[in-house]
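Structure below is work.txt: compact mmCIF, C-alpha atoms and all ligand atoms.
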```txt
# COMPACT_ATOMS: atom_id res chain seq x y z
CA MET A 1 0.00 0.00 0.00
CA ASN A 2 2.85 2.33 0.84
CA ALA A 3 4.35 1.87 -2.64
CA LYS A 4 0.97 2.43 -4.29
CA ILE A 5 0.53 5.74 -2.44
CA ASP A 6 3.98 6.86 -3.60
CA GLU A 7 3.18 5.90 -7.17
CA LEU A 8 -0.12 7.81 -7.22
CA LEU A 9 1.52 10.87 -5.65
CA LYS A 10 4.11 10.84 -8.40
CA ARG A 11 1.38 10.63 -11.06
CA VAL A 12 -0.49 13.56 -9.52
CA GLU A 13 2.66 15.66 -9.49
CA GLU A 14 3.56 14.79 -13.04
CA PHE A 15 0.10 15.34 -14.44
CA HIS A 16 0.33 18.00 -17.19
CA PRO A 17 -2.88 18.01 -19.23
CA LYS A 18 -2.98 19.55 -22.69
CA ALA A 19 -6.73 20.12 -22.70
CA ALA A 20 -9.27 20.91 -19.97
CA ALA A 21 -11.16 17.66 -20.65
CA GLU A 22 -8.14 15.62 -19.47
CA ILE A 23 -8.53 17.09 -15.96
CA GLU A 24 -11.99 15.57 -15.51
CA ASP A 25 -10.78 12.18 -16.83
CA PHE A 26 -7.93 12.30 -14.38
CA ARG A 27 -10.27 13.18 -11.51
CA VAL A 28 -12.56 10.24 -12.32
CA LYS A 29 -9.62 7.86 -12.56
CA MET A 30 -8.32 8.97 -9.18
CA LEU A 31 -11.28 10.01 -7.10
CA GLY A 32 -14.30 8.61 -8.94
CA LYS A 33 -16.29 5.74 -7.52
CA LYS A 34 -13.97 3.25 -9.15
CA GLY A 35 -10.95 5.49 -8.94
CA GLU A 36 -7.55 4.25 -7.77
CA LEU A 37 -7.38 6.60 -4.82
CA THR A 38 -10.91 5.69 -3.80
CA ALA A 39 -9.86 2.02 -3.91
CA LEU A 40 -6.89 2.79 -1.64
CA MET A 41 -9.21 4.48 0.85
CA GLU A 42 -11.32 1.33 0.87
CA GLU A 43 -8.23 -0.83 1.38
CA PHE A 44 -7.10 1.44 4.25
CA LYS A 45 -10.05 0.24 6.35
CA SER A 46 -8.43 -3.19 6.67
CA VAL A 47 -4.92 -1.94 7.48
CA ALA A 48 -3.46 -3.23 10.74
CA PRO A 49 -4.13 -0.73 13.60
CA GLU A 50 -0.41 -0.13 14.33
CA ARG A 51 0.14 1.09 10.70
CA LYS A 52 -3.05 3.21 10.51
CA ARG A 53 -1.45 6.38 11.79
CA GLU A 54 1.47 6.43 9.36
CA LEU A 55 -0.46 5.30 6.29
CA GLY A 56 -3.47 7.48 7.16
CA GLN A 57 -1.33 10.61 7.08
CA LYS A 58 0.27 9.63 3.77
CA LEU A 59 -3.06 8.81 2.22
CA ASN A 60 -4.63 12.02 3.41
CA ASN A 61 -1.70 13.98 2.02
CA LEU A 62 -2.15 12.23 -1.34
CA LYS A 63 -5.85 13.08 -1.44
CA GLN A 64 -5.29 16.75 -0.59
CA THR A 65 -2.50 17.04 -3.14
CA ALA A 66 -4.66 15.45 -5.86
CA LEU A 67 -7.66 17.74 -5.10
CA GLY A 68 -5.42 20.83 -4.93
CA ARG A 69 -3.78 20.00 -8.23
CA ILE A 70 -7.10 19.37 -9.97
CA ASN A 71 -8.57 22.67 -8.75
CA ALA A 72 -5.47 24.64 -9.68
CA LEU A 73 -5.43 23.15 -13.18
CA ARG A 74 -9.14 23.91 -13.63
CA GLU A 75 -8.60 27.56 -12.74
CA GLU A 76 -5.59 27.81 -14.99
CA PHE A 77 -7.52 26.51 -17.99
CA ALA A 78 -10.58 28.67 -17.26
CA ALA A 79 -8.42 31.81 -17.11
CA SER A 80 -6.64 31.11 -20.36
CA ALA A 81 -9.95 30.29 -22.06
CA ALA A 82 -11.37 33.66 -20.97
CA SER A 83 -8.44 35.60 -22.36
CA ALA A 84 -8.17 33.63 -25.60
CA PRO A 85 -10.04 35.15 -28.52
CA ALA A 86 -13.30 33.43 -29.35
CA GLU A 87 -13.04 31.48 -32.53
CA ASP A 88 -14.15 33.53 -35.50
CA ASP A 89 -17.45 32.46 -36.92
CA LEU A 90 -16.87 33.03 -40.60
CA THR A 91 -20.48 32.31 -41.49
CA ARG A 92 -21.89 35.16 -39.41
CA THR A 93 -23.45 38.08 -41.31
CA GLY A 94 -21.35 41.22 -41.09
CA THR A 95 -22.53 44.20 -39.08
CA ALA A 96 -22.01 47.63 -40.62
CA GLU A 97 -19.65 49.87 -38.66
CA GLU A 98 -21.14 53.30 -38.17
CA LEU A 99 -18.79 55.91 -39.56
CA GLY A 100 -18.01 58.97 -37.49
CA SER A 101 -17.92 62.36 -39.12
CA ARG A 102 -15.47 65.20 -39.02
CA HIS A 103 -16.12 67.86 -36.40
CA PRO A 104 -17.44 71.13 -37.92
CA ILE A 105 -14.46 73.02 -36.51
CA SER A 106 -12.08 70.62 -38.27
CA ILE A 107 -14.09 70.89 -41.50
CA VAL A 108 -13.85 74.69 -41.51
CA ARG A 109 -10.20 74.70 -40.38
CA ASN A 110 -9.33 72.39 -43.27
CA GLN A 111 -11.25 74.57 -45.73
CA ILE A 112 -9.46 77.73 -44.56
CA VAL A 113 -6.06 76.02 -44.80
CA ASP A 114 -6.98 74.65 -48.20
CA ILE A 115 -8.05 78.04 -49.59
CA PHE A 116 -4.89 79.78 -48.43
CA SER A 117 -2.65 76.93 -49.54
CA ARG A 118 -3.88 77.68 -53.07
CA LEU A 119 -2.38 81.16 -52.59
CA GLY A 120 0.96 79.63 -51.59
CA TYR A 121 0.59 79.65 -47.79
CA THR A 122 1.99 76.78 -45.72
CA VAL A 123 0.82 75.74 -42.27
CA ALA A 124 2.82 76.81 -39.20
CA GLU A 125 2.16 75.79 -35.61
CA GLY A 126 3.24 76.84 -32.15
CA PRO A 127 2.79 75.86 -28.50
CA GLU A 128 -0.45 76.48 -26.60
CA ILE A 129 1.50 77.26 -23.42
CA GLU A 130 3.43 80.39 -24.29
CA ASP A 131 5.40 83.20 -22.72
CA ASP A 132 4.67 86.90 -22.54
CA TRP A 133 7.17 87.71 -25.29
CA HIS A 134 5.52 85.59 -28.00
CA VAL A 135 1.92 86.47 -27.11
CA PHE A 136 2.29 90.15 -26.22
CA SER A 137 5.69 91.89 -26.11
CA ALA A 138 6.99 90.91 -29.53
CA LEU A 139 3.61 91.90 -30.96
CA ASN A 140 3.95 95.49 -29.73
CA PHE A 141 1.53 95.25 -26.81
CA PRO A 142 2.43 98.09 -24.42
CA PRO A 143 3.18 96.81 -20.90
CA GLU A 144 -0.07 98.23 -19.51
CA HIS A 145 -2.28 96.88 -22.33
CA PRO A 146 -5.57 95.50 -20.98
CA ALA A 147 -5.22 92.23 -22.97
CA ARG A 148 -2.52 91.20 -20.49
CA ASP A 149 -4.95 91.70 -17.65
CA MET A 150 -5.78 88.73 -15.43
CA GLN A 151 -9.37 89.13 -16.66
CA ASP A 152 -8.52 87.87 -20.11
CA THR A 153 -5.43 85.74 -19.85
CA PHE A 154 -4.88 82.46 -18.04
CA PHE A 155 -1.48 82.75 -16.38
CA ILE A 156 0.41 79.87 -14.85
CA GLU A 157 0.23 80.66 -11.15
CA LYS A 158 3.86 80.23 -10.19
CA HIS A 159 5.27 81.86 -13.37
CA PRO A 160 3.53 85.11 -14.36
CA ASP A 161 5.62 85.05 -17.55
CA ILE A 162 4.06 81.74 -18.70
CA LEU A 163 0.50 81.77 -19.98
CA LEU A 164 -2.00 80.06 -22.25
CA ARG A 165 -1.93 81.84 -25.60
CA THR A 166 -4.89 84.18 -26.06
CA HIS A 167 -4.46 84.31 -29.83
CA THR A 168 -2.60 82.47 -32.59
CA SER A 169 -0.73 85.69 -33.43
CA SER A 170 2.02 84.22 -31.24
CA ILE A 171 2.80 81.86 -34.15
CA GLN A 172 3.68 84.93 -36.25
CA VAL A 173 6.50 85.59 -33.80
CA ARG A 174 7.61 81.93 -33.74
CA THR A 175 7.66 81.90 -37.55
CA MET A 176 9.67 85.10 -37.84
CA GLU A 177 12.22 83.64 -35.40
CA ARG A 178 12.67 80.57 -37.57
CA GLN A 179 12.38 81.92 -41.06
CA LYS A 180 13.66 84.80 -43.16
CA PRO A 181 11.27 86.58 -45.56
CA PRO A 182 9.55 85.83 -47.86
CA ILE A 183 7.17 84.37 -45.30
CA ARG A 184 3.68 83.15 -46.15
CA VAL A 185 2.09 81.09 -43.38
CA ILE A 186 -1.34 80.15 -42.15
CA CYS A 187 -1.48 79.22 -38.45
CA PRO A 188 -4.48 77.34 -37.10
CA GLY A 189 -4.71 76.56 -33.40
CA ARG A 190 -6.52 76.52 -30.09
CA VAL A 191 -6.59 79.64 -27.94
CA PHE A 192 -7.66 80.34 -24.36
CA ARG A 193 -9.31 83.31 -22.67
CA ASN A 194 -10.69 83.82 -19.22
CA GLU A 195 -14.29 84.35 -20.40
CA ALA A 196 -17.59 83.30 -18.86
CA ILE A 197 -19.06 80.56 -21.07
CA SER A 198 -22.23 81.54 -22.93
CA TYR A 199 -23.81 80.99 -26.36
CA ARG A 200 -21.40 83.50 -27.86
CA ALA A 201 -18.23 83.19 -25.73
CA HIS A 202 -16.08 80.30 -24.57
CA CYS A 203 -12.82 80.04 -22.69
CA ILE A 204 -11.39 77.72 -25.37
CA PHE A 205 -11.80 78.41 -29.06
CA HIS A 206 -9.91 78.19 -32.35
CA GLN A 207 -8.29 80.79 -34.55
CA VAL A 208 -6.45 80.92 -37.82
CA GLU A 209 -3.72 83.50 -38.19
CA GLY A 210 -2.22 84.50 -41.52
CA LEU A 211 1.09 86.25 -42.15
CA TYR A 212 2.67 87.39 -45.38
CA ILE A 213 5.99 89.25 -45.42
CA ASP A 214 8.03 90.14 -48.47
CA ARG A 215 9.32 93.16 -50.34
CA ASN A 216 6.58 95.56 -51.53
CA VAL A 217 3.61 93.86 -49.88
CA SER A 218 0.74 96.37 -49.94
CA PHE A 219 -2.69 96.88 -48.40
CA ALA A 220 -4.15 96.15 -51.86
CA ASP A 221 -2.57 92.66 -51.70
CA LEU A 222 -4.21 92.15 -48.31
CA LYS A 223 -7.62 93.22 -49.57
CA GLN A 224 -7.45 91.06 -52.68
CA SER A 225 -6.31 87.97 -50.72
CA LEU A 226 -9.18 88.37 -48.26
CA LEU A 227 -11.72 88.91 -51.04
CA TYR A 228 -10.53 85.68 -52.66
CA PHE A 229 -10.85 83.90 -49.31
CA ALA A 230 -14.37 85.24 -48.67
CA LYS A 231 -15.61 84.17 -52.11
CA GLU A 232 -14.11 80.69 -51.75
CA MET A 233 -15.55 80.27 -48.26
CA PHE A 234 -19.00 81.86 -48.60
CA GLY A 235 -19.69 81.79 -52.33
CA GLU A 236 -18.82 83.66 -55.52
CA ASP A 237 -21.31 86.51 -54.90
CA THR A 238 -19.76 87.41 -51.55
CA ARG A 239 -18.51 90.97 -51.12
CA ILE A 240 -16.24 92.33 -48.39
CA ARG A 241 -15.89 95.69 -46.70
CA MET A 242 -13.09 96.94 -44.47
CA ARG A 243 -13.60 99.18 -41.46
CA PRO A 244 -10.73 101.01 -39.75
CA SER A 245 -9.77 99.40 -36.45
CA TYR A 246 -6.90 99.06 -34.00
CA PHE A 247 -4.57 96.20 -33.13
CA PRO A 248 -1.18 96.76 -31.48
CA PHE A 249 0.59 94.56 -34.05
CA THR A 250 -0.78 96.09 -37.25
CA GLU A 251 -0.78 99.64 -38.65
CA PRO A 252 -3.10 100.47 -40.29
CA SER A 253 -5.58 97.92 -38.96
CA ALA A 254 -9.01 96.93 -40.21
CA GLU A 255 -11.93 94.73 -39.43
CA VAL A 256 -13.43 92.85 -42.34
CA ASP A 257 -17.12 92.15 -42.92
CA VAL A 258 -18.57 89.82 -45.54
CA SER A 259 -21.96 90.39 -47.14
CA CYS A 260 -24.52 88.28 -45.31
CA ASN A 261 -24.80 84.99 -47.16
CA LEU A 262 -28.25 84.32 -45.70
CA CYS A 263 -30.11 87.38 -46.96
CA GLY A 264 -27.66 88.31 -49.73
CA GLY A 265 -27.05 91.68 -48.06
CA LYS A 266 -30.69 92.80 -47.80
CA GLY A 267 -30.72 92.53 -43.99
CA CYS A 268 -31.98 89.71 -41.76
CA ASN A 269 -31.85 88.72 -38.08
CA VAL A 270 -28.45 87.01 -38.44
CA CYS A 271 -26.80 90.19 -39.76
CA LYS A 272 -29.08 92.26 -37.51
CA GLY A 273 -30.51 94.10 -40.49
CA THR A 274 -27.12 95.46 -41.62
CA GLY A 275 -26.45 93.05 -44.49
CA TRP A 276 -22.88 92.55 -43.19
CA LEU A 277 -21.18 90.00 -40.91
CA GLU A 278 -17.85 90.64 -39.20
CA ILE A 279 -15.38 87.79 -39.81
CA LEU A 280 -11.82 88.88 -39.10
CA GLY A 281 -9.23 91.44 -38.08
CA CYS A 282 -6.25 92.37 -40.21
CA GLY A 283 -3.70 95.02 -41.11
CA MET A 284 -0.20 95.81 -42.26
CA VAL A 285 2.38 94.34 -39.87
CA ASP A 286 3.52 97.17 -37.59
CA PRO A 287 7.18 98.15 -38.25
CA ASN A 288 7.81 97.69 -34.50
CA VAL A 289 6.82 94.04 -34.81
CA LEU A 290 9.15 93.51 -37.76
CA SER A 291 12.09 95.11 -35.91
CA ALA A 292 11.37 93.20 -32.69
CA ASN A 293 11.68 90.02 -34.73
CA GLY A 294 14.86 90.92 -36.58
CA ILE A 295 13.28 91.93 -39.91
CA ASP A 296 14.25 95.29 -41.39
CA PRO A 297 11.04 97.34 -41.88
CA ASN A 298 12.79 99.51 -44.46
CA GLU A 299 13.33 96.49 -46.65
CA TYR A 300 10.23 94.41 -45.95
CA SER A 301 6.55 94.93 -45.38
CA GLY A 302 3.75 92.51 -44.72
CA PHE A 303 0.17 91.92 -43.75
CA ALA A 304 -1.47 89.77 -41.12
CA PHE A 305 -4.98 88.65 -40.40
CA GLY A 306 -6.72 86.59 -37.77
CA MET A 307 -10.12 84.94 -37.60
CA GLY A 308 -12.12 82.74 -35.26
CA ILE A 309 -12.94 79.31 -36.69
CA GLU A 310 -16.08 78.92 -34.53
CA ARG A 311 -17.44 82.19 -35.89
CA ILE A 312 -16.84 81.23 -39.54
CA ALA A 313 -18.45 77.82 -38.91
CA MET A 314 -21.42 79.51 -37.21
CA LEU A 315 -22.00 81.75 -40.19
CA LYS A 316 -21.45 78.98 -42.73
CA PHE A 317 -23.65 76.37 -41.07
CA GLY A 318 -26.05 78.57 -39.06
CA VAL A 319 -24.91 77.22 -35.68
CA PRO A 320 -26.76 79.31 -33.04
CA ASP A 321 -24.72 78.45 -29.91
CA LEU A 322 -20.94 78.20 -29.45
CA ARG A 323 -21.29 75.61 -26.70
CA LEU A 324 -22.57 73.04 -29.22
CA TYR A 325 -19.04 72.71 -30.61
CA PHE A 326 -17.74 71.37 -27.30
CA GLU A 327 -20.57 69.13 -26.17
CA ASN A 328 -19.91 66.45 -28.80
CA ASP A 329 -23.57 65.48 -28.93
CA VAL A 330 -23.75 63.06 -31.86
CA ARG A 331 -27.14 64.50 -32.90
CA PHE A 332 -25.31 67.77 -33.58
CA LEU A 333 -22.18 66.18 -35.07
CA HIS A 334 -24.11 63.91 -37.46
CA GLN A 335 -25.53 66.97 -39.18
CA PHE A 336 -22.11 67.44 -40.72
CA ASP A 337 -21.82 63.91 -42.13
CA SER A 338 -22.29 65.03 -45.69
CA VAL A 339 -20.02 68.08 -45.51
CA LEU A 340 -16.37 67.46 -46.17
N1 LIG B 401 -5.06 88.36 -32.70
C1 LIG B 401 -6.33 89.03 -32.93
C2 LIG B 401 -7.34 88.52 -31.91
O1 LIG B 401 -7.11 87.57 -31.28
C3 LIG B 401 -6.83 88.76 -34.30
C4 LIG B 401 -6.03 89.49 -35.32
C5 LIG B 401 -6.38 90.77 -35.67
C6 LIG B 401 -4.91 88.91 -35.89
C7 LIG B 401 -5.65 91.46 -36.62
C8 LIG B 401 -4.17 89.59 -36.82
C9 LIG B 401 -4.57 90.88 -37.18
O2 LIG B 401 -3.08 89.09 -37.40
O3 LIG B 401 -3.81 91.55 -38.11
O4 LIG B 401 -8.35 89.11 -31.75
```
As structure tokens, please, write out the structure in this file.
Ligand code: DAH
Amino acid sequence: MNAKIDELLKRVEEFHPKAAAEIEDFRVKMLGKKGELTALMEEFKSVAPERKRELGQKLNNLKQTALGRINALREEFAASAASAPAEDDLTRTGTAEELGSRHPISIVRNQIVDIFSRLGYTVAEGPEIEDDWHVFSALNFPPEHPARDMQDTFFIEKHPDILLRTHTSSIQVRTMERQKPPIRVICPGRVFRNEAISYRAHCIFHQVEGLYIDRNVSFADLKQSLLYFAKEMFGEDTRIRMRPSYFPFTEPSAEVDVSCNLCGGKGCNVCKGTGWLEILGCGMVDPNVLSANGIDPNEYSGFAFGMGIERIAMLKFGVPDLRLYFENDVRFLHQFDSVL
């Protein structure tokens, strides 16, 4: 009996099944009604009393080892079955994957980039976390200018010099640092302002900045480029008008309106009866900005413009509330499925 116990123990220890079904076979052979271990238990009843203690311990140890091994193997196989991929059923009918659509802001950003790339502009980018120099100082903002005020700008608490860019005009500065004229770049990006969120204001939005610097660049070039852009974006019949304005980084500066594409300029509630919609700011790059960035204003001139992507998308698609762009409600987003 002693030898038989040793033999079974060895078999339990050396049992390495290849499939889960082998475990159950093994259990039946050992512990089933007619199993070998069960038979040993039966035999144990007739063992001489003086040997019962020794053999009883050995037998019990064998039983526990066998049960432990069987349970451990079962768990092992169950775990690997759960992580293994289910077998592909090649006869199953396919389910159609629902396609997502491009976000309206991306659609309009791509259209703006596309239109200007036809005029020879390339895309430039810059960091969203900026310093005072690139967002304000190099763009001729006087030190006391209200745009630097805590009201508008998100500063990094421990470093008042580090801030979230409030406009993509900072990429003008980054481009001038990297590149000598001629420069012709379009700079799309996210910007941040400390604004209360409402239907017409958000603390995060998107802008596209344009910059063109070369010899003999004139205001007429600026006007013609923007007219081309407006017609491409809003339709061939679109007209533009320029109103004098002020920006620290351009002189002279202007704001540009396009004729209202909803009423054709007759006046409606979108254009508030004026027939015009404001779309961007622009101007001739201020000589101070050129000098601050190592470009000789006596040799070169340039123009710049900046527009909000949300605003253009609102006018193009009739979106009534800025917050819709950030909610990612698929009922809103699916309305742009067919636009690309
Ligand atoms: N940076 C201006 C803003 O955020 C937009 C702008 C206006 C950009 C005029 C320009 C410009 O380049 O010439 O409101």
*asked:* So that I can see what lies close to A:His159, please list as a PyMOL selection string the residues with an atom at most 10 Å from it, counting only C-alpha atoms and leaving out residues fewer than 4 positions away in the same chain.
replied: chain A and resi 131+155+163
*Residue among A:Thr122, A:Ser253, A:Gln179, A:Thr38 lying closest to ligand LIG 401 (chain B), counting only C-alpha atoms and all ligand atoms*: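 Nearest candidate to ligand LIG 401 (chain B) out of A:Thr122, A:Ser253, A:Gln179, A:Thr38: A:Ser253.
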_Best match for closeness to A:Phe249 among A:Glu42, A:Asp286, A:Glu125, A:Glu232, counting only C-alpha atoms_ = A:Asp286
Closest-contact table, chain A side, partner ligand LIG 401 (chain B), 9 Å, counting all atoms listed in the file, as CSV:
```
residue,atom,partner,partner_atom,distance
A:Thr166,CA,B:LIG401,O1,6.6
A:His167,CA,B:LIG401,O1,4.4
A:Thr168,CA,B:LIG401,N1,6.4
A:Ser169,CA,B:LIG401,N1,5.1
A:Ser170,CA,B:LIG401,N1,8.3
A:Gln172,CA,B:LIG401,O2,8.0
A:Val191,CA,B:LIG401,O1,8.6
A:Gln207,CA,B:LIG401,O1,7.6
A:Val208,CA,B:LIG401,C6,8.4
A:Glu209,CA,B:LIG401,O2,5.7
A:Gly210,CA,B:LIG401,O2,6.2
A:Leu211,CA,B:LIG401,O2,6.9
A:Ser245,CA,B:LIG401,C7,8.9
A:Tyr246,CA,B:LIG401,C7,8.1
A:Phe247,CA,B:LIG401,C7,6.0
A:Pro248,CA,B:LIG401,C7,8.6
A:Phe249,CA,B:LIG401,O3,6.7
A:Thr250,CA,B:LIG401,O3,5.5
A:Glu251,CA,B:LIG401,O3,8.7
A:Ser253,CA,B:LIG401,O3,6.7
A:Ala254,CA,B:LIG401,C7,7.4
A:Glu255,CA,B:LIG401,C7,7.6
A:Leu280,CA,B:LIG401,C5,6.7
A:Gly281,CA,B:LIG401,C5,3.8
A:Cys282,CA,B:LIG401,O3,3.3
A:Gly283,CA,B:LIG401,O3,4.6
A:Met284,CA,B:LIG401,O3,7.0
A:Val285,CA,B:LIG401,O3,7.0
A:Phe303,CA,B:LIG401,O3,6.9
A:Ala304,CA,B:LIG401,O2,4.1
A:Phe305,CA,B:LIG401,O2,3.6
A:Gly306,CA,B:LIG401,C6,3.5
A:Met307,CA,B:LIG401,C3,6.0
A:Gly308,CA,B:LIG401,O1,8.0
```
*Out of A:Ala81, A:Ala124, A:Leu324, A:Ile312, which residue has the shortest atom-to-atom distance to A:Pro188 when counting all atoms listed in the file?*
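That would be A:Ala124, the residue with the smallest distance to A:Pro188.
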*A:Cys271, A:His202, A:Asp337, A:Arg69 ranked by distance to A:Pro17, top pick (using all atoms listed in the file)*: A:Arg69
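Closest approach to A:Gln224 among A:Ser338, A:Ile70, A:Glu130, A:Arg239 is made by A:Arg239 (distances from all atoms listed in the file).
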*Provide the atom CA of A:Ile213 to atom CA of A:Arg184 distance in Å, to one decimal place.*
6.6 Å
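Atom CA of A:Gly318 lies 16.7 Å from atom CA of A:Asp257.
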Place N, CA and C atoms on stretch 232-259 of chain A and deliver the coordinates as a PDB file, keeping the file's coordinate frame.
```
ATOM      1  N   GLU A 232     -14.298  82.152 -51.798  1.00  0.00           N
ATOM      2  CA  GLU A 232     -14.110  80.690 -51.750  1.00  0.00           C
ATOM      3  C   GLU A 232     -14.883  80.092 -50.573  1.00  0.00           C
ATOM      4  N   MET A 233     -14.924  80.823 -49.463  1.00  0.00           N
ATOM      5  CA  MET A 233     -15.550  80.270 -48.260  1.00  0.00           C
ATOM      6  C   MET A 233     -17.060  80.424 -48.286  1.00  0.00           C
ATOM      7  N   PHE A 234     -17.552  81.608 -48.722  1.00  0.00           N
ATOM      8  CA  PHE A 234     -19.000  81.860 -48.600  1.00  0.00           C
ATOM      9  C   PHE A 234     -19.729  81.912 -49.936  1.00  0.00           C
ATOM     10  N   GLY A 235     -19.005  81.799 -51.034  1.00  0.00           N
ATOM     11  CA  GLY A 235     -19.690  81.790 -52.330  1.00  0.00           C
ATOM     12  C   GLY A 235     -19.250  82.953 -53.209  1.00  0.00           C
ATOM     13  N   GLU A 236     -19.332  82.740 -54.500  1.00  0.00           N
ATOM     14  CA  GLU A 236     -18.820  83.660 -55.520  1.00  0.00           C
ATOM     15  C   GLU A 236     -19.407  85.074 -55.417  1.00  0.00           C
ATOM     16  N   ASP A 237     -20.657  85.185 -54.941  1.00  0.00           N
ATOM     17  CA  ASP A 237     -21.310  86.510 -54.900  1.00  0.00           C
ATOM     18  C   ASP A 237     -20.909  87.330 -53.679  1.00  0.00           C
ATOM     19  N   THR A 238     -20.106  86.736 -52.796  1.00  0.00           N
ATOM     20  CA  THR A 238     -19.760  87.410 -51.550  1.00  0.00           C
ATOM     21  C   THR A 238     -18.935  88.673 -51.792  1.00  0.00           C
ATOM     22  N   ARG A 239     -19.292  89.732 -51.069  1.00  0.00           N
ATOM     23  CA  ARG A 239     -18.510  90.970 -51.120  1.00  0.00           C
ATOM     24  C   ARG A 239     -17.878  91.203 -49.753  1.00  0.00           C
ATOM     25  N   ILE A 240     -16.811  91.997 -49.702  1.00  0.00           N
ATOM     26  CA  ILE A 240     -16.240  92.330 -48.390  1.00  0.00           C
ATOM     27  C   ILE A 240     -16.197  93.845 -48.221  1.00  0.00           C
ATOM     28  N   ARG A 241     -16.167  94.275 -46.962  1.00  0.00           N
ATOM     29  CA  ARG A 241     -15.890  95.690 -46.700  1.00  0.00           C
ATOM     30  C   ARG A 241     -14.918  95.765 -45.518  1.00  0.00           C
ATOM     31  N   MET A 242     -14.089  96.805 -45.532  1.00  0.00           N
ATOM     32  CA  MET A 242     -13.090  96.940 -44.470  1.00  0.00           C
ATOM     33  C   MET A 242     -13.415  98.188 -43.667  1.00  0.00           C
ATOM     34  N   ARG A 243     -13.372  98.034 -42.353  1.00  0.00           N
ATOM     35  CA  ARG A 243     -13.600  99.180 -41.460  1.00  0.00           C
ATOM     36  C   ARG A 243     -12.333  99.425 -40.674  1.00  0.00           C
ATOM     37  N   PRO A 244     -11.944 100.720 -40.519  1.00  0.00           N
ATOM     38  CA  PRO A 244     -10.730 101.010 -39.750  1.00  0.00           C
ATOM     39  C   PRO A 244     -10.840 100.473 -38.334  1.00  0.00           C
ATOM     40  N   SER A 245      -9.741  99.960 -37.794  1.00  0.00           N
ATOM     41  CA  SER A 245      -9.770  99.400 -36.450  1.00  0.00           C
ATOM     42  C   SER A 245      -8.404  99.596 -35.806  1.00  0.00           C
ATOM     43  N   TYR A 246      -8.209  98.970 -34.653  1.00  0.00           N
ATOM     44  CA  TYR A 246      -6.900  99.060 -34.000  1.00  0.00           C
ATOM     45  C   TYR A 246      -6.460  97.717 -33.455  1.00  0.00           C
ATOM     46  N   PHE A 247      -5.253  97.315 -33.793  1.00  0.00           N
ATOM     47  CA  PHE A 247      -4.570  96.200 -33.130  1.00  0.00           C
ATOM     48  C   PHE A 247      -3.145  96.659 -32.883  1.00  0.00           C
ATOM     49  N   PRO A 248      -2.535  96.269 -31.765  1.00  0.00           N
ATOM     50  CA  PRO A 248      -1.180  96.760 -31.480  1.00  0.00           C
ATOM     51  C   PRO A 248      -0.158  96.310 -32.536  1.00  0.00           C
ATOM     52  N   PHE A 249      -0.433  95.155 -33.162  1.00  0.00           N
ATOM     53  CA  PHE A 249       0.590  94.560 -34.050  1.00  0.00           C
ATOM     54  C   PHE A 249       0.412  94.904 -35.513  1.00  0.00           C
ATOM     55  N   THR A 250      -0.617  95.697 -35.850  1.00  0.00           N
ATOM     56  CA  THR A 250      -0.780  96.090 -37.250  1.00  0.00           C
ATOM     57  C   THR A 250      -1.033  97.590 -37.339  1.00  0.00           C
ATOM     58  N   GLU A 251      -0.563  98.205 -38.418  1.00  0.00           N
ATOM     59  CA  GLU A 251      -0.780  99.640 -38.650  1.00  0.00           C
ATOM     60  C   GLU A 251      -0.701  99.903 -40.150  1.00  0.00           C
ATOM     61  N   PRO A 252      -1.755 100.335 -40.823  1.00  0.00           N
ATOM     62  CA  PRO A 252      -3.100 100.470 -40.290  1.00  0.00           C
ATOM     63  C   PRO A 252      -3.765  99.112 -40.051  1.00  0.00           C
ATOM     64  N   SER A 253      -4.846  99.141 -39.253  1.00  0.00           N
ATOM     65  CA  SER A 253      -5.580  97.920 -38.960  1.00  0.00           C
ATOM     66  C   SER A 253      -7.010  98.051 -39.479  1.00  0.00           C
ATOM     67  N   ALA A 254      -7.619  96.905 -39.740  1.00  0.00           N
ATOM     68  CA  ALA A 254      -9.010  96.930 -40.210  1.00  0.00           C
ATOM     69  C   ALA A 254      -9.762  95.729 -39.714  1.00  0.00           C
ATOM     70  N   GLU A 255     -11.079  95.889 -39.657  1.00  0.00           N
ATOM     71  CA  GLU A 255     -11.930  94.730 -39.430  1.00  0.00           C
ATOM     72  C   GLU A 255     -12.646  94.469 -40.747  1.00  0.00           C
ATOM     73  N   VAL A 256     -12.854  93.191 -41.047  1.00  0.00           N
ATOM     74  CA  VAL A 256     -13.430  92.850 -42.340  1.00  0.00           C
ATOM     75  C   VAL A 256     -14.811  92.216 -42.142  1.00  0.00           C
ATOM     76  N   ASP A 257     -15.778  92.729 -42.911  1.00  0.00           N
ATOM     77  CA  ASP A 257     -17.120  92.150 -42.920  1.00  0.00           C
ATOM     78  C   ASP A 257     -17.342  91.470 -44.267  1.00  0.00           C
ATOM     79  N   VAL A 258     -18.125  90.398 -44.260  1.00  0.00           N
ATOM     80  CA  VAL A 258     -18.570  89.820 -45.540  1.00  0.00           C
ATOM     81  C   VAL A 258     -20.064  90.101 -45.679  1.00  0.00           C
ATOM     82  N   SER A 259     -20.526  90.200 -46.927  1.00  0.00           N
ATOM     83  CA  SER A 259     -21.960  90.390 -47.140  1.00  0.00           C
ATOM     84  C   SER A 259     -22.680  89.167 -46.606  1.00  0.00           C
TER      85      SER A 259
END
```
